[in-house]
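**Q** Pasting in a structure now, in structure tokens, and then I'll have a few things to ask.
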Number of protein chains: 2
Amino acid sequence: MATLTPTRAAAASAPKKATARRDAAATREALVQAAVDEFSRSGFAGARVDEIARVAGVNKQLVYHYFESKQGLYLVALESVYAQIREKEQALSLGALEPVDAMTQLIGFSFDYLAEHPEFIALLADENRNQGQHILASERLKRMHSPFIEMLERTLERGAAQGVFRRDMDAVHLYISIAGISYFFFSNNHTLSAIFGKSLGSKGALVQRRRHVIEFALNALRP
Amino acid sequence: MATLTPTRAAAASAPKKATARRDAAATREALVQAAVDEFSRSGFAGARVDEIARVAGVNKQLVYHYFESKQGLYLVALESVYAQIREKEQALSLGALEPVDAMTQLIGFSFDYLAEHPEFIALLADENRNQGQHILASERLKRMHSPFIEMLERTLERGAAQGVFRRDMDAVHLYISIAGISYFFFSNNHTLSAIFGKSLGSKGALVQRRRHVIEFALNALRP
DNA sequence: GTCTATACAGGGATAGAC
DNA sequence: GTCTATCCCTGTATAGAC
């Protein structure tokens with residue numbers, strides 16, 4: 001015990017030696033990042049805690065130290081990807097756009113976000129296969145309401161008032177439809193490619209799909 | 001080798017003793033059924049061969065006897081659910097329906113099939129998370145083209161000729177969109193319910209969704 | 001064709017030193 | 001806060017009898 005003193009003194013006198021890799025926040029963050037990767041690649045059951053620790057460059061024991069269990073880490077990983085999309089949604093500025101232009105932005109955003117975030121899709125798919133048990137258990141996640149739905153609602157109202165959109169549209173169902181036409185293309189890209197015998201993963205297919213999605217959804221909204 | 005003769009003779013003289021529970025085909029079928037259940041509930045990695053054998057009411061060793069490995073069984077399970085939907089699709093008779101009515105049938109069918117077959121959705125999701133590795137490895141699966149897409153194409157053409165549908169529609173993209181607005185609702189029902197704070201799994205929500213889906217897709221198709 | 005028993009590896013989780 | 005070592009269960013797969 002007496003041997004601790006020198007160490008303590010050193011720590012006290014030079015508390016933030018920048019070399020320190022004993023950085024709790026950074027370690028946590030590295031683990032969450034690695035977890036998102038591994039869980040999205042392999043699902044909850046297929047994911048390996050060993051692998052997550054290895055990729056994060058830390059000892060496996062720290063997973064249990066910080067997150068209690070594999071499940072605990074999974075929940076934080078899920079919260080993390082939701083937090084990220086919410087942040088991007090907040091940043092959407094539709095400004096003074098005309099309803100049709102605003103709607104085009106909204107549809108394009110939901111397409112682009114999914115295109116750029118396959119890990120989000122993979123985690124959602126896994127969470128749903130598990131009956132949404134984590135999202136239901138997390139008050140924090142349930143409180144993370146999407147600003148997207150309100151933007152959609154407002155745009156819809158403005159457009160209806162101007163006579164450019166139909167009146168009888170439920171915003172939640174519209175949201176699900178807009179998200180769905182993009183989501184299904186990405187989430188099932190492999191099986192769709194195999195069944196149709198052509199690669200839907202190419203850049204060309206992506207561009208073509210984006211155009212179709214926007215046109216399809218806008219058409220559906222016409223009065 | 002000589003001892004085979006009596007058995008052969010017996011088989012020839014009484015080939016179909018109905019009492020037999022040593023029925024290879026039935027055993028196989030029970031295993032595939034149980035596999036579809038277990039794999040859809042838990043994914044490939046989470047599924048337990050023990051559990052599949054238990055539910056099928058047979059010994060675990062038979063899984064390896066008939067299917068070589070867990071993967072082999074998974075592939076057959078996947079082929080099985082695809083075969084089922086293809087069969088139902090074949091049975092769709094659009095007869096002499098007007099294009100709009102025929103399209104309504106097609107959209108309704110894709111909605112209803114997904115509503116009634118959550119195991120199909122779950123297996124597809126898992127297969128896609130695994131990069132479609134099984135479907136790519138199976139010539140049989142890749143050859144299982146959907147008749148749905150051709151029905152869609154023909155209906156689209158007829159409608160365009162009559163001026164009730166747009167002309168510039170790609171059948172594959174349209175298929176993905178029609179399937180997507182239904183699929184996403186079911187595949188992500190749990191997370192959507194949690195985020196919107198209302199149960200989308202209820203019978204009422206289902207009926208409402210079905211109406212929306214048909215209306216949304218038909219609107220999108222108007223010229 | 002079906003069963004029992006078991007080999008063998010892998011992985012979640014914990015103990016305890018530093 | 002981080003590391004090494006290890007426990008112990010579970011799950012795939014196989015051997016071999018009947």
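Here's how to read the names in the structure tokens: chain A, B, ... by the order shown, residue numbers from 1 in each chain, ligand numbers from 1 in the order shown.
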Over all Cα atoms in order, fit chain B to chain A and jot down the RMSD to one decimal place.
**A**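 Computed value for the CA RMSD is 1.8 Å.
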**Q** Would you give me, as a Markdown table, each residue of chain A having an atom within 12 Å of an atom of chain C, along with its shortest atom pair and that distance in Å to one decimal, using only C-alpha atoms (C1' of nucleotides) and sorting by chain and residue number?
**A**
| residue | atom | partner | partner_atom | distance |
| --- | --- | --- | --- | --- |
| A:Met1 | CA | C:DC18 | C1' | 11.4 |
| A:Thr3 | CA | C:DC18 | C1' | 11.3 |
| A:Leu4 | CA | C:DC18 | C1' | 10.4 |
| A:Thr7 | CA | C:DC18 | C1' | 11.9 |
| A:Ala45 | CA | C:DG11 | C1' | 11.0 |
| A:Gly46 | CA | C:DG11 | C1' | 10.6 |
| A:Ala47 | CA | C:DG11 | C1' | 10.2 |
| A:Arg48 | CA | C:DG11 | C1' | 7.5 |
| A:Val49 | CA | C:DG12 | C1' | 7.9 |
| A:Asp50 | CA | C:DG11 | C1' | 8.1 |
| A:Glu51 | CA | C:DG11 | C1' | 10.6 |
| A:Lys60 | CA | C:DA13 | C1' | 10.2 |
| A:Gln61 | CA | C:DA13 | C1' | 8.9 |
| A:Leu62 | CA | C:DA13 | C1' | 11.7 |
| A:Val63 | CA | C:DA13 | C1' | 10.5 |
| A:Tyr64 | CA | C:DA13 | C1' | 8.1 |
| A:His65 | CA | C:DT14 | C1' | 11.0 |
| A:Glu68 | CA | C:DA13 | C1' | 9.7 |
| A:Ser69 | CA | C:DA13 | C1' | 8.3 |
| A:Lys70 | CA | C:DG12 | C1' | 8.1 |
| A:Gln71 | CA | C:DG12 | C1' | 11.0 |
**Q** Please produce, as CSV, a per-residue contact table for chain D versus chain A (criterion: any atom at most 9 Å away, only C-alpha atoms (C1' of nucleotides) considered), showing the nearest atom pair and its distance in Å to one decimal, sorted by chain then residue number.
**A**
residue,atom,partner,partner_atom,distance
D:DG1,C1',A:Arg22,CA,6.6
D:DT2,C1',A:Asn59,CA,7.2
D:DC3,C1',A:Asn59,CA,7.1
**Q** Could you save the residues just selected, with C-alpha atoms (C1' of nucleotides), as a tab-separated table (two decimals), in the first residue's frame?
**A**
chain	number	residue	atom	x	y	z
D	1	DG	C1'	-9.01	1.84	-15.05
D	2	DT	C1'	-6.85	-1.84	-17.17
D	3	DC	C1'	-4.79	-6.40	-17.59
**Q** Nearest residue to chain A out of B:Pro118, B:Ala161, B:Asp101, B:Arg41, using only C-alpha atoms?
**A**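 Among the listed residues, the smallest separation from chain A belongs to B:Arg41.
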**Q** Using only C-alpha atoms, select each residue of chain B with any atom at most 8 Å away from an atom of chain A, and give the selection as a PyMOL selection string.
**A** chain B and resi 40-43+45-46+122+124-132+135-136+141-146+173+176-185+187-191+194-197+209+212-213+216-222
**Q** Can you work out the spacing between atom CA of Asp168 of chain A and atom CA of Val100 of chain B in Å, to one decimal?
**A**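 For atom CA of Asp168 of chain A relative to atom CA of Val100 of chain B, the distance reads 20.6 Å.
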**Q** How far is it from atom CA of Arg166 of chain B to atom CA of Met151 of chain A, in Å with one decimal?
**A**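 Between these atoms lies a distance of 29.3 Å.
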